[in-house]
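Undergrad: I'd like to ask you about the structure that follows.
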Amino acid sequence: MEPAVASTNSANSACLKLEFPLSFHRSMATLKPFAALRPKPELAAQICELPYDVMSSDEARTTAAGNPLSFLHVSKPEIDLPPDTDPHAPEVYAKGAENFQKLIRDGALKQDAQQCFYLYRQIMGQHSQVGLVAAASCEEYLSGAIKKHELTRPDKEDDRVRHIEALNSQTGPVFLTYRASAELDKFVAKNISGKPEIDFTAKDGVRHTAWMIAEGNGIKFIETQFSKIPFLYIADGHHRSAAAARVFQSRHGAGHSGRFLAVIFPDNQMQILPYNRVLKDLNDWPPEQLLEILGKVFVADPQGTGVPAHKHELGFYFQGKWRTLAFRKKLITSDNPVDALDVSLLQQLVLGEIFRIDDPRTNKRINFVGGIRGPAELEKLVNSGEYACAFSMFPTSIEDLMSIADAGGIMPPKSTWFEPKLRDAMFCHMIA
């Protein structure tokens, strides 16, 4: 897989089968403290790694080279087996469990003696966000009190189920959000003024800092405040949460399997970057005719930019230059929040109608580039000749995400790219 591009080559489908009768919806978020397995503070920078699903096996192998403490030996254990090994083979999960136990046995990872909440701050450039690390409820995920906005793929769920089962632990947190609370904001601000448990800056320049909330009154305050919050929303981690729920069902709630590892951020601190599109070909359109047809969908500025300024505006990179495209207002007619998303409008009016890319999940003529790589990456891909053109998107807002989730809607694939990414192994939730 190319490091610049994430592709989806199999269709998304909802695959979570509810095995328990759910006769009511909880009207609160019941977050609980837990005894986290955490890295030895002085080793955290060597251990903690980006999530398993943002890099290929080759990239992980390169990243972890020369670093036996890298958590990629646990989250992508195929890197320790021959390069032609199937990453979903039984020996891969067994190797991950072996490497995980070695980190514990050697004292690189150690479990806290008591149940705590934790605060996790990330600083990326000028952006700072602080989340609560807690054990969220699988029952509330299944009931819909923890709201989703994406479909999941069975193969990806299966992979995470097998990883959790092999390790008896959830090692990658689900990224949740909630509508901000002034009381919680004040509590967090006070508690991050003290000395942190862990504080390091990763190689990509993102600073990661963690504090422990172990005192009884603090734990009770957090539980009480979240009991007033009716819903949590999955920002990122739909496959992790779905997998945790499946393990909970198969184990009938034994041990700590009824809860899943989550970091919960207030909505006003979330940073969403765009998820851009690159196309392999022009669907046989002559360039001038393509521009003419696009002119029926957009108002075009030929002296444009690769960074759209607002919703319903796109950047289009073609023939070595950027054009700014604004959807014609007469075409934005639906009151449905999903249909009004830029990714939906682009798919319906352009990718489907003009380029004949009916299903972006399965069509190999389209790929997706995370916004963290910027417009320069789109230029590079098109200028290389591998791609014919690129669309840079304006980021989907957190308000749109929550309103769609509230309505029970499903967002199109590759609608959001959250940054910074939560690091695996900062906190692990042991379920056995």
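Residues are named by chain letter and number: chains run A, B, ... in the order of the structure tokens, numbers start at 1 in each chain, and ligands are numbered from 1 in the order shown.
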Please identify all polymer residues within 10 Å of stretch 240-254 of chain A, counting only C-alpha atoms, omitting same-chain residues fewer than 5 positions from it, and present them as a VMD selection string.
TA: chain A and resid 14 to 20 136 to 142 146 148 152 to 154 156 to 165 168 to 175 234 259 to 262 431 to 432
Undergrad: Residues within 10 Å of stretch 287-292 of chain A, please, as a ChimeraX atom specification. Count only C-alpha atoms; anything in the same chain fewer than 6 positions from it doesn't count.
TA: /A:298,300,318-319,354-355
Undergrad: Please dump the current selection as a PDB file, in the first residue's frame; keep N, CA, C and O atoms.
TA:
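Written out: again.pdb:
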ATOM      1  N   PHE A 298     -20.493  23.404 -10.901  1.00  0.00           N
ATOM      2  CA  PHE A 298     -19.762  24.343 -10.055  1.00  0.00           C
ATOM      3  C   PHE A 298     -19.639  25.708 -10.707  1.00  0.00           C
ATOM      4  O   PHE A 298     -19.645  25.823 -11.935  1.00  0.00           O
ATOM      5  N   ALA A 300     -16.673  28.032 -11.179  1.00  0.00           N
ATOM      6  CA  ALA A 300     -15.238  27.758 -11.137  1.00  0.00           C
ATOM      7  C   ALA A 300     -14.409  29.026 -11.138  1.00  0.00           C
ATOM      8  O   ALA A 300     -14.714  29.982 -11.855  1.00  0.00           O
ATOM      9  N   PHE A 318      -5.840  19.752 -11.672  1.00  0.00           N
ATOM     10  CA  PHE A 318      -5.944  19.141 -12.995  1.00  0.00           C
ATOM     11  C   PHE A 318      -5.034  19.898 -13.956  1.00  0.00           C
ATOM     12  O   PHE A 318      -4.973  21.127 -13.932  1.00  0.00           O
ATOM     13  N   GLN A 319      -4.272  19.165 -14.762  1.00  0.00           N
ATOM     14  CA  GLN A 319      -3.379  19.759 -15.752  1.00  0.00           C
ATOM     15  C   GLN A 319      -2.392  20.750 -15.114  1.00  0.00           C
ATOM     16  O   GLN A 319      -2.094  21.807 -15.655  1.00  0.00           O
ATOM     17  N   ILE A 354     -20.535  11.947 -13.590  1.00  0.00           N
ATOM     18  CA  ILE A 354     -19.561  12.327 -14.627  1.00  0.00           C
ATOM     19  C   ILE A 354     -18.465  11.281 -14.795  1.00  0.00           C
ATOM     20  O   ILE A 354     -18.110  10.903 -15.914  1.00  0.00           O
ATOM     21  N   PHE A 355     -17.942  10.777 -13.682  1.00  0.00           N
ATOM     22  CA  PHE A 355     -16.823   9.833 -13.750  1.00  0.00           C
ATOM     23  C   PHE A 355     -17.255   8.372 -13.687  1.00  0.00           C
ATOM     24  O   PHE A 355     -16.435   7.476 -13.836  1.00  0.00           O
TER      25      PHE A 355
END
Undergrad: Just checking: using only C-alpha atoms, which residue out of A:Cys389, A:Ile192, A:Ile410, A:Leu232 ends up closest to A:Asp339?
TA: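 The shortest atom-to-atom distance to A:Asp339 comes from A:Ile410.
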Undergrad: Can you list every residue in stretch 195-337 of chain A that DSSP puts in strand (DSSP E), as a ChimeraX atom specification?
TA: /A:198-201,207-213,232-236,259-266,272-273,275-279,298-301,313-318,321-327
Undergrad: Could you build a table of the residues in stretch 236-347 of chain A lying no more than 12 Å from stretch 207-229 of chain A, giving for each the nearest pair of atoms and their separation in Å rounded to one decimal place, using only C-alpha atoms, ordered by chain and ascending residue number, as a Markdown table?
TA:
| residue | atom | partner | partner_atom | distance |
| --- | --- | --- | --- | --- |
| A:Val263 | CA | A:Ala210 | CA | 11.6 |
| A:Ile264 | CA | A:Phe226 | CA | 10.6 |
| A:Pro266 | CA | A:Ile229 | CA | 11.3 |
Undergrad: Write the residues of the selection above to a file with N, CA and C atoms, as a short mmCIF file (atom, residue, chain, number, x, y, z; two decimals), in the first residue's frame.
TA:
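Final file, out.cif:
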data_model
loop_
_atom_site.label_atom_id
_atom_site.label_comp_id
_atom_site.auth_asym_id
_atom_site.auth_seq_id
_atom_site.Cartn_x
_atom_site.Cartn_y
_atom_site.Cartn_z
N VAL A 263 -11.27 7.28 24.67
CA VAL A 263 -10.85 8.62 25.06
C VAL A 263 -11.95 9.55 24.56
N ILE A 264 -12.50 10.36 25.47
CA ILE A 264 -13.70 11.14 25.18
C ILE A 264 -13.35 12.62 25.24
N PRO A 266 -14.44 16.78 24.41
CA PRO A 266 -15.56 17.69 24.15
C PRO A 266 -15.57 18.11 22.69
#
Undergrad: Tell me which protein, DNA and RNA residues are within 12 Å of A:Ala64, counting only C-alpha atoms, leaving out same-chain ones fewer than 3 positions away, and put them as a PyMOL selection string.
TA: chain A and resi 46-50+55+57-61+67-80
Undergrad: Any chance you could export the current selection's C-alpha atoms as a short mmCIF file (atom, residue, chain, number, x, y, z; two decimals), in the first residue's frame?
TA:
data_model
loop_
_atom_site.label_atom_id
_atom_site.label_comp_id
_atom_site.auth_asym_id
_atom_site.auth_seq_id
_atom_site.Cartn_x
_atom_site.Cartn_y
_atom_site.Cartn_z
CA GLN A 46 9.73 4.34 22.52
CA ILE A 47 6.61 2.24 23.14
CA CYS A 48 3.60 4.30 22.06
CA GLU A 49 2.78 4.24 18.36
CA LEU A 50 0.25 5.48 15.83
CA MET A 55 0.03 2.47 8.10
CA SER A 57 2.82 -3.52 7.17
CA ASP A 58 5.88 -2.27 5.28
CA GLU A 59 5.62 1.17 6.89
CA ALA A 60 5.24 -0.45 10.33
CA ARG A 61 8.26 -2.66 9.71
CA ASN A 67 13.18 -0.60 18.45
CA PRO A 68 12.12 -3.80 20.25
CA LEU A 69 9.85 -1.71 22.52
CA SER A 70 7.74 -0.34 19.66
CA PHE A 71 4.10 -1.28 20.19
CA LEU A 72 3.89 -2.06 16.49
CA HIS A 73 5.32 -5.46 17.46
CA VAL A 74 1.95 -5.93 19.23
CA SER A 75 -0.49 -4.01 17.03
CA LYS A 76 1.01 -5.16 13.70
CA PRO A 77 2.90 -8.31 14.72
CA GLU A 78 3.26 -9.53 11.15
CA ILE A 79 6.35 -7.29 11.05
CA ASP A 80 8.16 -9.96 13.12
#
Undergrad: Show which residues sit within 10 Å of A:Val382, as an mmCIF file with C-alpha atoms, in the first residue's frame. Count only C-alpha atoms, and ignore same-chain residues fewer than 6 positions away.
TA:
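As written to disk, out.cif reads:
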data_model
loop_
_atom_site.group_PDB
_atom_site.id
_atom_site.type_symbol
_atom_site.label_atom_id
_atom_site.label_comp_id
_atom_site.auth_asym_id
_atom_site.auth_seq_id
_atom_site.Cartn_x
_atom_site.Cartn_y
_atom_site.Cartn_z
ATOM 1 C CA VAL A 278 -7.719 11.254 -6.277
ATOM 2 C CA LEU A 279 -8.969 9.713 -9.534
ATOM 3 C CA LYS A 280 -7.064 7.356 -11.803
ATOM 4 C CA TYR A 317 -6.149 19.867 -9.290
ATOM 5 C CA PHE A 318 -5.944 19.141 -12.995
ATOM 6 C CA GLN A 319 -3.379 19.759 -15.752
ATOM 7 C CA GLY A 320 -0.849 21.148 -13.270
ATOM 8 C CA ALA A 388 -5.452 12.114 -13.517
ATOM 9 C CA CYS A 389 -6.952 14.669 -11.136
ATOM 10 C CA ALA A 390 -7.658 15.360 -7.479
#
Undergrad: To one decimal place in Å, what is the distance between atom CA of A:Leu273 and atom CA of A:Lys329?
TA: 24.0 Å
Undergrad: Find, counting only C-alpha atoms, the residue in A:Met124, A:Met430, A:Leu176, A:Ala94 that gets nearest to A:Ala35.
TA: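 Using only C-alpha atoms, A:Ala35 sits closest to A:Met430.
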Undergrad: Hey, which of A:His149, A:Arg38, A:Arg121, A:Lys380 ends up closest to A:Gly237? Count only C-alpha atoms.
TA: A:His149
Undergrad: Would you list, as a ChimeraX atom specification, the residues of stretch 152-195 of chain A that end up in alpha helix (DSSP H) under DSSP run on this structure's backbone?
TA: /A:154-167,182-191
Undergrad: Would you mind reading off the distance between atom CA of A:Leu351 and atom CA of A:Ile366, one decimal, in Å?
TA: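 Separating atom CA of A:Leu351 from atom CA of A:Ile366 is a distance of 9.2 Å.
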